[in-house]
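Student: One structure, as C-alpha cells, below. Some questions next.
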Amino acid sequence: MVGRRNPRPKGSLELEIVAGIAAADGPLTAAEVLSALGRPLAYTTVLTTLTRLFEKQVLTREPRGRAYAYRLVGNRTEAEAWLTAREMQKVLDTGNDRASVLTQFVGSLDETSEQLLRELLQRHPGLEPVTKSSSGHTDGPPE
Amino acid sequence: MRPATVLIMSALALTGFGAGPFAVALARRANPALATVLLTALSICVAGATVAIAALTAYVGSVGILPALHPADWSATEIERDLPVPPVLTAAAAVLAVGVLVRGCVRLAAISRQARLTATAVGAMPAAGKLVVVQSERAHAFAVPGSGGRVVVSTGMLRALTGPERRALLAHELAHLTSSHHVFTQLACLAAAINPLMRPVSTGVDLAVERWADAAALRAVGDPHVVAHAIGKAALAQIGPTIHNSLGVARNDVVVRISCLLDARRTSPWPTAVLAAATILPLAGAAFVVLQFHGVVEASELAGS
Ligand SMILES: [Zn+2]
C-alpha cells in the first residue's frame with residue numbers, strides 16, 4: 001500500500017512544518033526545515049509554505065545570514081508557556097473518562113508490554129535505532 | 001413452547017449471542033474501518049435490544065396487575081395464557097428497563113460534558129491550522145473533536161520522533177478527526193453503559209479506530225516500519241515522566257497495533273464476515289422477541305373483539 005506520494009493537501013504540509021519547527025531547539029532556516037522533514041521535497045515548496053505560515057502569523061522569523069530562521073509564535077514568553085501548560089493540564093484532567101473525548105496516540109504501557117515493545121522494535125530495526133532519535137533531526141535518506 | 005423460545009431468544013439477544021469475548025480478537029484481524037462500524041453497530045443493537053426487551057417484558061407482564069396502563073382491548077387472560085410472565089420477572093424487567101435508561105442518560109451527559117470542556121479548553125489555545133503545540137517535556141498526542149477539531153501534540157512528543165515519524169503521527173491524529181472516530185467510540189461507550197456485557201466490544205472499537213488511523217498514517221508515509229516506530233517510540237517516551245495517567249488504566253493495544261503493522265500477513269475476509277454475522281444475530285433475535293410479543297397481543301385483541 002504505497003501510493004499517493006505527493007498529491008497531499010497543502011494543509012498537512014503546513015502542520016508537518018510546524019511540527020518540525022516545534023521539535024527543534026531553536027529557530028530553523030528553510031534548508032534546516034527541509035532536512036528535519038526527512039523526505040524529498042522541493043526547497044521552494046518549503047520556502048513558500050514557511051512564508052505563508054509567517055503571513056498567517058503562525059511563525060515569526062529573524063534574519064540569519066542571507067536567509068531567515070523561523071520559530072513558532074507560541075513559544076516566546078514564559079507567561080505564555082505557563083498559560084499553555086495550565087490549559088494543557090486542564091485538558092488532560094478532563095480526559096479521565098474513557099469516553100475517548102481524547103484519543104491519545106498511544107496509551108500507557110505495563111511492564112510486560114514495555115518489554116515486548118522493545119523486543120519488537122529491535123527485531124524490526126526499520127530506519128534507525130530507537131535510542132538515537134531524541135534530537136528530532138534526521139537527515140533521512142532522500143530515497 | 002413459545003415462552004421457552006422467547007426466553008432463550010431474549011437471553012441470546014441480551015448477551016449479543018456471546019460475541020463480547022471475541023470482539024477484541026475480531027477488531028485485531030478484520031478490516032479496521034469495517035470492524036469499527038460493525039462492532040459499534042453490534043453494541044448499539046444489543047443495547048437497544050436490552051432496553052426494548054426489558055421494557056416490553058415489563059409492560060406485557062403487567063397487563064394483569066395494572067390493566068389501566070394498557071389498551072382496553074388487550075385481554076389479560078389470553079396474554080397470560082399464551083406468554084405467561086411471572087410477577088418476579090415483570091418486576092425485574094421494569095427495574096432493569098429504568099436502570100439501564102438512567103445509566104445511559106448519566107453516561108451520555110458525562111460524555112457530552114467532557115467533550116464540551118475539552119473542546120473549549122483546546123479551542124482557547126493558539127493553533128496553527130488544526131495543530132496545537134504544547135510546551136511540555138512529556139510525550140502527549142491526541143485528537144480533540146468538536147468545532148473543526150484539533151490535534152494536540154507536546155514538544156516532548158515531537159522531539160522523540162524523526163521527521164517521517166512526525167508525519168505518521170499527524171496523519172494518524174488527523175484521521176481520527178476526518179473520520180469522526182470519536183462518534184464510534186462514544187456510541188460504543190454508551191452501549192457499554194447500558195449493557196455491561198458490551199464492555200469488551202467497546203474495547204474492540206477503541207482498538208479498531210486506532211488501527212484505522214494507523215492505516216491512514218501508513219498511506220501518508222508509505223512504510224509500515226516508520227508508523228510502527230512512531231507508535232512504539234511514542235509509547236516508550238510516555239513511560240518515564242508520565243506516571244500521571246489520567247485514563248487510570250494501561251492500554252496495551254500499542255503492541256497489538258505494531259504487530260498488526262509489521263506482520264502484515266495476507267488479510268483474510270473471514271474475520272469481517274464473522275463480525276457481520278455477529279452484528280446481525282442480536283438484531284434478528286431482538287426482532288424475533290418483539291414479533292412474538294406483538295403476535296400474542298394481536299391474538300388477544302382478536303379474541304377479545
Ligand atoms: Zn489514535
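Labels used: A, B, ... for chains in the order of the C-alpha cells, numbers from 1 for residues in each chain, and numbers from 1 for ligands as shown.
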For ligand 1, list the contacting residues at 8 Å or closer, counting only C-alpha atoms and all ligand atoms, as a list in words.
Tutor: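 These are the residues that qualify: Thr103, Gln104, Phe105 and Val106 of chain A; Phe142, Ala143, His172, Glu173, His176, Val209, Glu210, Ala213 and Asp214 of chain B.
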Student: For those residues, write N, CA and C atoms to a file as a PDB file, in the first residue's frame.
Tutor:
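Everything below was put into out_38.pdb:
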ATOM      1  N   THR A 103      -8.517  11.069  22.049  1.00  0.00           N
ATOM      2  CA  THR A 103      -7.997   9.804  21.576  1.00  0.00           C
ATOM      3  C   THR A 103      -6.490   9.921  21.611  1.00  0.00           C
ATOM      4  N   GLN A 104      -5.887   9.420  22.680  1.00  0.00           N
ATOM      5  CA  GLN A 104      -4.434   9.501  22.804  1.00  0.00           C
ATOM      6  C   GLN A 104      -3.768   8.691  21.704  1.00  0.00           C
ATOM      7  N   PHE A 105      -2.671   9.212  21.211  1.00  0.00           N
ATOM      8  CA  PHE A 105      -1.938   8.487  20.173  1.00  0.00           C
ATOM      9  C   PHE A 105      -1.549   7.105  20.683  1.00  0.00           C
ATOM     10  N   VAL A 106      -1.035   7.060  21.880  1.00  0.00           N
ATOM     11  CA  VAL A 106      -0.725   5.770  22.491  1.00  0.00           C
ATOM     12  C   VAL A 106      -1.185   5.792  23.938  1.00  0.00           C
TER      13      VAL A 106
ATOM     14  N   PHE B 142      -2.877  13.798  20.991  1.00  0.00           N
ATOM     15  CA  PHE B 142      -4.246  13.311  20.884  1.00  0.00           C
ATOM     16  C   PHE B 142      -5.073  14.229  20.009  1.00  0.00           C
ATOM     17  N   ALA B 143      -6.202  13.701  19.588  1.00  0.00           N
ATOM     18  CA  ALA B 143      -7.120  14.456  18.749  1.00  0.00           C
ATOM     19  C   ALA B 143      -8.312  14.869  19.596  1.00  0.00           C
ATOM     20  N   HIS B 172      -2.103  10.157  11.547  1.00  0.00           N
ATOM     21  CA  HIS B 172      -2.909   9.314  12.434  1.00  0.00           C
ATOM     22  C   HIS B 172      -3.963  10.161  13.162  1.00  0.00           C
ATOM     23  N   GLU B 173      -3.511  11.250  13.769  1.00  0.00           N
ATOM     24  CA  GLU B 173      -4.451  12.077  14.544  1.00  0.00           C
ATOM     25  C   GLU B 173      -5.478  12.759  13.644  1.00  0.00           C
ATOM     26  N   HIS B 176      -8.317  10.511  12.829  1.00  0.00           N
ATOM     27  CA  HIS B 176      -9.332  10.455  13.901  1.00  0.00           C
ATOM     28  C   HIS B 176     -10.374  11.546  13.693  1.00  0.00           C
ATOM     29  N   VAL B 209     -10.495   1.682  15.862  1.00  0.00           N
ATOM     30  CA  VAL B 209     -10.269   3.049  15.366  1.00  0.00           C
ATOM     31  C   VAL B 209      -8.777   3.380  15.355  1.00  0.00           C
ATOM     32  N   GLU B 210      -8.027   2.843  16.325  1.00  0.00           N
ATOM     33  CA  GLU B 210      -6.575   3.088  16.307  1.00  0.00           C
ATOM     34  C   GLU B 210      -5.949   2.451  15.068  1.00  0.00           C
ATOM     35  N   ALA B 213      -6.764   4.535  12.049  1.00  0.00           N
ATOM     36  CA  ALA B 213      -5.906   5.717  11.952  1.00  0.00           C
ATOM     37  C   ALA B 213      -4.473   5.323  11.581  1.00  0.00           C
ATOM     38  N   ASP B 214      -4.025   4.174  12.065  1.00  0.00           N
ATOM     39  CA  ASP B 214      -2.685   3.695  11.689  1.00  0.00           C
ATOM     40  C   ASP B 214      -2.619   3.419  10.186  1.00  0.00           C
TER      41      ASP B 214
END
Student: Using only C-alpha atoms, which protein or nucleic acid residues come within 10 Å of Phe17 in chain B? Drop anything in the same chain fewer than 3 positions from it, and give the result as a PyMOL selection string.
Tutor: chain B and resi 9-14+20+46+278-279+281-282+285
Student: Restricted to N, CA, C and O atoms, what would the selected residues look like written as a PDB file, in the first residue's frame?
Tutor:
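Listing of part-v5.pdb after writing:
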ATOM      1  N   MET B   9     -34.378 -16.779  23.246  1.00  0.00           N
ATOM      2  CA  MET B   9     -34.013 -15.748  22.271  1.00  0.00           C
ATOM      3  C   MET B   9     -33.647 -14.444  22.979  1.00  0.00           C
ATOM      4  O   MET B   9     -32.695 -13.759  22.591  1.00  0.00           O
ATOM      5  N   SER B  10     -34.448 -14.089  24.003  1.00  0.00           N
ATOM      6  CA  SER B  10     -34.158 -12.855  24.750  1.00  0.00           C
ATOM      7  C   SER B  10     -32.765 -12.932  25.364  1.00  0.00           C
ATOM      8  O   SER B  10     -31.967 -12.000  25.258  1.00  0.00           O
ATOM      9  N   ALA B  11     -32.492 -14.070  25.997  1.00  0.00           N
ATOM     10  CA  ALA B  11     -31.190 -14.238  26.648  1.00  0.00           C
ATOM     11  C   ALA B  11     -30.063 -14.103  25.623  1.00  0.00           C
ATOM     12  O   ALA B  11     -29.053 -13.429  25.874  1.00  0.00           O
ATOM     13  N   LEU B  12     -30.252 -14.723  24.451  1.00  0.00           N
ATOM     14  CA  LEU B  12     -29.219 -14.654  23.414  1.00  0.00           C
ATOM     15  C   LEU B  12     -29.030 -13.220  22.918  1.00  0.00           C
ATOM     16  O   LEU B  12     -27.904 -12.747  22.757  1.00  0.00           O
ATOM     17  N   ALA B  13     -30.153 -12.516  22.681  1.00  0.00           N
ATOM     18  CA  ALA B  13     -30.055 -11.138  22.181  1.00  0.00           C
ATOM     19  C   ALA B  13     -29.383 -10.241  23.215  1.00  0.00           C
ATOM     20  O   ALA B  13     -28.547  -9.392  22.884  1.00  0.00           O
ATOM     21  N   LEU B  14     -29.753 -10.446  24.506  1.00  0.00           N
ATOM     22  CA  LEU B  14     -29.206  -9.587  25.564  1.00  0.00           C
ATOM     23  C   LEU B  14     -27.717  -9.812  25.772  1.00  0.00           C
ATOM     24  O   LEU B  14     -27.007  -8.921  26.233  1.00  0.00           O
ATOM     25  N   GLY B  20     -19.271 -10.856  22.779  1.00  0.00           N
ATOM     26  CA  GLY B  20     -18.404  -9.967  23.561  1.00  0.00           C
ATOM     27  C   GLY B  20     -16.961 -10.408  23.680  1.00  0.00           C
ATOM     28  O   GLY B  20     -16.052  -9.687  23.254  1.00  0.00           O
ATOM     29  N   VAL B  46     -27.293  -4.492  20.623  1.00  0.00           N
ATOM     30  CA  VAL B  46     -27.503  -5.219  21.879  1.00  0.00           C
ATOM     31  C   VAL B  46     -28.036  -4.266  22.951  1.00  0.00           C
ATOM     32  O   VAL B  46     -28.942  -4.623  23.713  1.00  0.00           O
ATOM     33  N   ALA B 278     -22.122 -11.643  13.453  1.00  0.00           N
ATOM     34  CA  ALA B 278     -22.288 -11.380  14.880  1.00  0.00           C
ATOM     35  C   ALA B 278     -23.124 -10.135  15.119  1.00  0.00           C
ATOM     36  O   ALA B 278     -23.781 -10.000  16.150  1.00  0.00           O
ATOM     37  N   THR B 279     -23.109  -9.211  14.166  1.00  0.00           N
ATOM     38  CA  THR B 279     -23.893  -7.990  14.312  1.00  0.00           C
ATOM     39  C   THR B 279     -25.365  -8.240  13.987  1.00  0.00           C
ATOM     40  O   THR B 279     -26.256  -7.683  14.612  1.00  0.00           O
ATOM     41  N   LEU B 281     -27.033 -11.195  14.180  1.00  0.00           N
ATOM     42  CA  LEU B 281     -27.709 -12.129  15.078  1.00  0.00           C
ATOM     43  C   LEU B 281     -28.495 -11.459  16.212  1.00  0.00           C
ATOM     44  O   LEU B 281     -29.679 -11.731  16.367  1.00  0.00           O
ATOM     45  N   PRO B 282     -27.874 -10.542  16.997  1.00  0.00           N
ATOM     46  CA  PRO B 282     -28.653  -9.934  18.086  1.00  0.00           C
ATOM     47  C   PRO B 282     -29.845  -9.138  17.566  1.00  0.00           C
ATOM     48  O   PRO B 282     -30.907  -9.119  18.190  1.00  0.00           O
ATOM     49  N   GLY B 285     -32.451 -11.646  16.710  1.00  0.00           N
ATOM     50  CA  GLY B 285     -33.002 -12.188  17.957  1.00  0.00           C
ATOM     51  C   GLY B 285     -33.988 -11.229  18.595  1.00  0.00           C
ATOM     52  O   GLY B 285     -35.087 -11.615  18.993  1.00  0.00           O
TER      53      GLY B 285
END
Student: Between B:Gln114, B:Thr15, B:Ser180, B:Ser300, which has the minimum distance to chain A (counting only C-alpha atoms)?
Tutor: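 Nearest to chain A: B:Gln114.
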Student: Using only C-alpha atoms, can you tell me which of B:Arg2, B:Arg28, B:Lys233, B:Arg150 comes closest to chain A?
Tutor: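 When distances to chain A are compared using only C-alpha atoms, the smallest one comes from B:Lys233.
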Student: With 10 Å as the cut-off and only C-alpha atoms counted, what is the closest atom pair between each nearby residue of range 64-177 of chain B and range 31-51 of chain A? Distances in Å to one decimal, ordered by chain and number, as a Markdown table.
Tutor:
| residue | atom | partner | partner_atom | distance |
| --- | --- | --- | --- | --- |
| B:Thr162 | CA | A:Ala36 | CA | 7.6 |
| B:Gly163 | CA | A:Leu37 | CA | 4.4 |
| B:Pro164 | CA | A:Gly38 | CA | 6.0 |
| B:Glu165 | CA | A:Gly38 | CA | 9.3 |
| B:Arg166 | CA | A:Leu37 | CA | 8.4 |
| B:Arg167 | CA | A:Leu37 | CA | 8.2 |
Student: Let's have the selection written as a short mmCIF file (atom, residue, chain, number, x, y, z; two decimals), in the first residue's frame, with all heavy atoms.
Tutor:
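And here's again00.cif as it stands now:
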data_model
loop_
_atom_site.label_atom_id
_atom_site.label_comp_id
_atom_site.auth_asym_id
_atom_site.auth_seq_id
_atom_site.Cartn_x
_atom_site.Cartn_y
_atom_site.Cartn_z
N THR B 162 11.35 11.24 14.54
CA THR B 162 12.01 11.78 13.34
C THR B 162 10.96 12.46 12.46
O THR B 162 9.76 12.34 12.72
CB THR B 162 12.66 10.66 12.53
OG1 THR B 162 11.62 9.81 12.04
CG2 THR B 162 13.62 9.84 13.36
N GLY B 163 11.44 13.14 11.42
CA GLY B 163 10.52 13.84 10.51
C GLY B 163 9.41 12.93 9.96
O GLY B 163 8.23 13.23 10.10
N PRO B 164 9.78 11.80 9.33
CA PRO B 164 8.74 10.91 8.79
C PRO B 164 7.82 10.36 9.88
O PRO B 164 6.62 10.19 9.65
CB PRO B 164 9.55 9.78 8.15
CG PRO B 164 10.86 10.40 7.81
CD PRO B 164 11.13 11.39 8.91
N GLU B 165 8.37 10.13 11.06
CA GLU B 165 7.53 9.62 12.15
C GLU B 165 6.54 10.68 12.61
O GLU B 165 5.39 10.39 12.95
CB GLU B 165 8.40 9.16 13.33
CG GLU B 165 9.13 7.85 13.04
CD GLU B 165 10.28 7.59 13.98
OE1 GLU B 165 10.57 8.45 14.84
OE2 GLU B 165 10.91 6.53 13.84
N ARG B 166 6.98 11.96 12.61
CA ARG B 166 6.06 13.05 12.95
C ARG B 166 4.92 13.11 11.93
O ARG B 166 3.78 13.36 12.29
CB ARG B 166 6.80 14.38 12.99
CG ARG B 166 7.58 14.62 14.27
CD ARG B 166 8.00 16.08 14.38
NE ARG B 166 8.97 16.45 13.36
CZ ARG B 166 10.29 16.37 13.51
NH1 ARG B 166 10.78 15.92 14.64
NH2 ARG B 166 11.09 16.74 12.55
N ARG B 167 5.28 12.87 10.66
CA ARG B 167 4.26 12.90 9.62
C ARG B 167 3.24 11.78 9.85
O ARG B 167 2.03 11.98 9.70
CB ARG B 167 4.92 12.73 8.24
CG ARG B 167 4.00 12.95 7.08
CD ARG B 167 4.75 13.56 5.92
NE ARG B 167 5.95 12.82 5.57
CZ ARG B 167 6.03 11.95 4.54
NH1 ARG B 167 4.97 11.76 3.79
NH2 ARG B 167 7.14 11.33 4.28
#
Student: Could you name the residues that touch Cys105 in chain B at 12 Å or less, counting only C-alpha atoms, but leaving out those on the same chain fewer than 5 positions away, as a PyMOL selection string?
Tutor: chain B and resi 98-100+110-112+190-191+193-194
Student: Let's have the selection written as a JSON list (two decimals), in the first residue's frame, with all heavy atoms.
Tutor:
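Generated file (out.json):
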[["chain", "number", "residue", "atom", "x", "y", "z"],
["B", 98, "VAL", "N", -35.72, 0.67, 33.63],
["B", 98, "VAL", "CA", -35.48, 2.01, 34.19],
["B", 98, "VAL", "C", -34.01, 2.19, 34.49],
["B", 98, "VAL", "O", -33.41, 3.22, 34.15],
["B", 98, "VAL", "CB", -36.33, 2.21, 35.47],
["B", 98, "VAL", "CG1", -35.97, 3.52, 36.15],
["B", 98, "VAL", "CG2", -37.82, 2.16, 35.13],
["B", 99, "GLY", "N", -33.39, 1.16, 35.07],
["B", 99, "GLY", "CA", -31.98, 1.24, 35.45],
["B", 99, "GLY", "C", -31.07, 1.52, 34.26],
["B", 99, "GLY", "O", -30.24, 2.43, 34.31],
["B", 100, "VAL", "N", -31.25, 0.77, 33.19],
["B", 100, "VAL", "CA", -30.35, 0.96, 32.06],
["B", 100, "VAL", "C", -30.58, 2.31, 31.38],
["B", 100, "VAL", "O", -29.63, 2.94, 30.90],
["B", 100, "VAL", "CB", -30.44, -0.19, 31.01],
["B", 100, "VAL", "CG1", -29.98, -1.49, 31.61],
["B", 100, "VAL", "CG2", -31.82, -0.29, 30.41],
["B", 110, "ALA", "N", -22.32, 12.70, 30.85],
["B", 110, "ALA", "CA", -20.89, 12.78, 31.18],
["B", 110, "ALA", "C", -20.06, 12.94, 29.91],
["B", 110, "ALA", "O", -19.16, 13.78, 29.86],
["B", 110, "ALA", "CB", -20.47, 11.51, 31.93],
["B", 111, "ILE", "N", -20.39, 12.17, 28.89],
["B", 111, "ILE", "CA", -19.62, 12.24, 27.64],
["B", 111, "ILE", "C", -19.72, 13.63, 27.02],
["B", 111, "ILE", "O", -18.72, 14.24, 26.65],
["B", 111, "ILE", "CB", -20.12, 11.18, 26.62],
["B", 111, "ILE", "CG1", -19.75, 9.78, 27.09],
["B", 111, "ILE", "CG2", -19.53, 11.43, 25.24],
["B", 111, "ILE", "CD1", -20.31, 8.67, 26.22],
["B", 112, "SER", "N", -20.95, 14.18, 26.96],
["B", 112, "SER", "CA", -21.07, 15.48, 26.29],
["B", 112, "SER", "C", -20.45, 16.59, 27.13],
["B", 112, "SER", "O", -19.91, 17.55, 26.58],
["B", 112, "SER", "CB", -22.52, 15.79, 25.92],
["B", 112, "SER", "OG", -23.38, 15.43, 26.95],
["B", 190, "LEU", "N", -21.36, 4.33, 25.30],
["B", 190, "LEU", "CA", -22.74, 4.48, 25.76],
["B", 190, "LEU", "C", -23.43, 3.13, 25.82],
["B", 190, "LEU", "O", -24.11, 2.79, 26.80],
["B", 190, "LEU", "CB", -23.47, 5.41, 24.78],
["B", 190, "LEU", "CG", -24.88, 5.85, 25.14],
["B", 190, "LEU", "CD1", -24.86, 6.64, 26.43],
["B", 190, "LEU", "CD2", -25.47, 6.68, 24.01],
["B", 191, "ALA", "N", -23.25, 2.32, 24.79],
["B", 191, "ALA", "CA", -23.86, 0.98, 24.75],
["B", 191, "ALA", "C", -23.35, 0.13, 25.90],
["B", 191, "ALA", "O", -24.10, -0.63, 26.51],
["B", 191, "ALA", "CB", -23.55, 0.31, 23.41],
["B", 193, "ALA", "N", -22.41, 1.23, 28.75],
["B", 193, "ALA", "CA", -23.02, 1.71, 29.99],
["B", 193, "ALA", "C", -24.41, 1.09, 30.14],
["B", 193, "ALA", "O", -24.87, 0.79, 31.24],
["B", 193, "ALA", "CB", -23.11, 3.23, 30.00],
["B", 194, "ILE", "N", -25.11, 0.90, 29.03],
["B", 194, "ILE", "CA", -26.45, 0.32, 29.06],
["B", 194, "ILE", "C", -26.39, -1.18, 29.31],
["B", 194, "ILE", "O", -27.12, -1.73, 30.11],
["B", 194, "ILE", "CB", -27.19, 0.65, 27.74],
["B", 194, "ILE", "CG1", -27.54, 2.14, 27.73],
["B", 194, "ILE", "CG2", -28.46, -0.19, 27.60],
["B", 194, "ILE", "CD1", -28.12, 2.62, 26.42]]
Student: Could you check the closest approach to Glu16 in chain A for each of A:Glu62, A:Leu117, A:Leu53, A:Tyr68 and tell me which residue wins, using only C-alpha atoms?
Tutor: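 Going through A:Glu62, A:Leu117, A:Leu53, A:Tyr68 one by one, the smallest distance to Glu16 in chain A is for A:Leu53.
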Student: Apply DSSP to the backbone of this structure and, from range 104-179 of chain B, keep only the residues in alpha helix (DSSP H); write these as a PyMOL selection string.
Tutor: chain B and resi 104-123+155-160+163-178
Student: To one decimal place in Å, what is the distance between CA of Val297 in chain B and CA of Cys45 in chain B?
Tutor: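 Distance between the two atoms: 23.9 Å.
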Student: Set the distance at 10 Å and use only C-alpha atoms: which residues neighbour Arg64 in chain A once local chain neighbours fewer than 6 positions away are removed? I'd like the list as a ChimeraX atom specification.
Tutor: /A:27-29,70
Student: Give me a file of those residues, with N, CA, C and O atoms, as a PDB file, in the first residue's frame.
Tutor:
ATOM      1  N   PRO A  27      15.380  28.408  16.356  1.00  0.00           N
ATOM      2  CA  PRO A  27      14.781  28.706  15.056  1.00  0.00           C
ATOM      3  C   PRO A  27      15.487  27.962  13.918  1.00  0.00           C
ATOM      4  O   PRO A  27      16.685  27.671  14.007  1.00  0.00           O
ATOM      5  N   LEU A  28      14.760  27.634  12.867  1.00  0.00           N
ATOM      6  CA  LEU A  28      15.296  26.866  11.745  1.00  0.00           C
ATOM      7  C   LEU A  28      15.178  27.650  10.449  1.00  0.00           C
ATOM      8  O   LEU A  28      14.167  28.315  10.216  1.00  0.00           O
ATOM      9  N   THR A  29      16.207  27.537   9.609  1.00  0.00           N
ATOM     10  CA  THR A  29      16.107  28.099   8.260  1.00  0.00           C
ATOM     11  C   THR A  29      15.340  27.116   7.366  1.00  0.00           C
ATOM     12  O   THR A  29      15.120  25.974   7.755  1.00  0.00           O
ATOM     13  N   TYR A  70      13.097  30.530  11.186  1.00  0.00           N
ATOM     14  CA  TYR A  70      11.696  30.587  11.633  1.00  0.00           C
ATOM     15  C   TYR A  70      11.527  29.868  12.958  1.00  0.00           C
ATOM     16  O   TYR A  70      12.170  28.874  13.243  1.00  0.00           O
TER      17      TYR A  70
END
Student: For chain B, which residue out of A:Ile17, A:Gln122, A:Arg66, A:Ala22 is the nearest one, using only C-alpha atoms?
Tutor: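 Among the listed residues, the smallest separation from chain B belongs to A:Ala22.
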Student: Which one is closest to chain B: A:Leu13, A:Ala23, A:Ala67, A:Leu59? Count only C-alpha atoms.
Tutor: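 Ranked by minimum distance to chain B, first place goes to A:Ala23.
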Student: For Val290 in chain B, please output as a compact mmCIF listing (two decimals) with C-alpha atoms, in the first residue's frame all residues within 8 Å (counting only C-alpha atoms; exclusion window: fewer than 3 positions along the same chain).
Tutor:
# COMPACT_ATOMS: atom_id res chain seq x y z
CA ILE B 53 -36.90 -6.44 25.65
CA LEU B 56 -41.68 -4.92 26.60
CA ALA B 286 -34.45 -8.96 19.29
CA ALA B 287 -36.77 -8.66 16.28
CA PHE B 293 -44.88 -10.27 21.92
CA HIS B 294 -46.66 -8.49 19.12
Student: Pick out the residues sitting within 10 Å of Phe22 in chain B, and hand them over as JSON, numbers by chain; count only C-alpha atoms, and ignore anything fewer than 5 positions along from it in its own chain.
Tutor: {"B": [27, 200, 201, 204, 275, 278]}
Student: Hey, which of B:Ala49, B:Leu174, B:Val226, B:Cys189 ends up closest to Arg107 in chain B? Count only C-alpha atoms.
Tutor: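 Looking only at the distances to Arg107 in chain B, the closest residue turns out to be B:Cys189.
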Student: Quick one, how far is CA of Pro224 in chain B from CA of Arg257 in chain B?
Tutor: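 Pair CA of Pro224 in chain B / CA of Arg257 in chain B returns 11.0 Å.
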Student: Show which residues sit within 12 Å of Val88 in chain B, as a compact mmCIF listing (two decimals) with C-alpha atoms, in the first residue's frame. Count only C-alpha atoms, and ignore same-chain residues fewer than 3 positions away.
Tutor:
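Just written: out_13.txt:
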# COMPACT_ATOMS: atom_id res chain seq x y z
CA THR B 57 -41.48 -7.72 29.19
CA ALA B 58 -42.36 -5.32 31.98
CA GLY B 61 -46.15 -8.82 32.01
CA SER B 62 -48.00 -6.18 34.00
CA PRO B 84 -47.00 -16.01 30.96
CA VAL B 85 -44.55 -13.62 32.59
CA ALA B 91 -40.67 -6.52 38.35
CA ALA B 92 -37.07 -7.39 37.42
CA ALA B 93 -37.66 -6.30 33.83
CA ALA B 94 -39.17 -2.99 34.99
CA VAL B 95 -36.20 -2.32 37.28
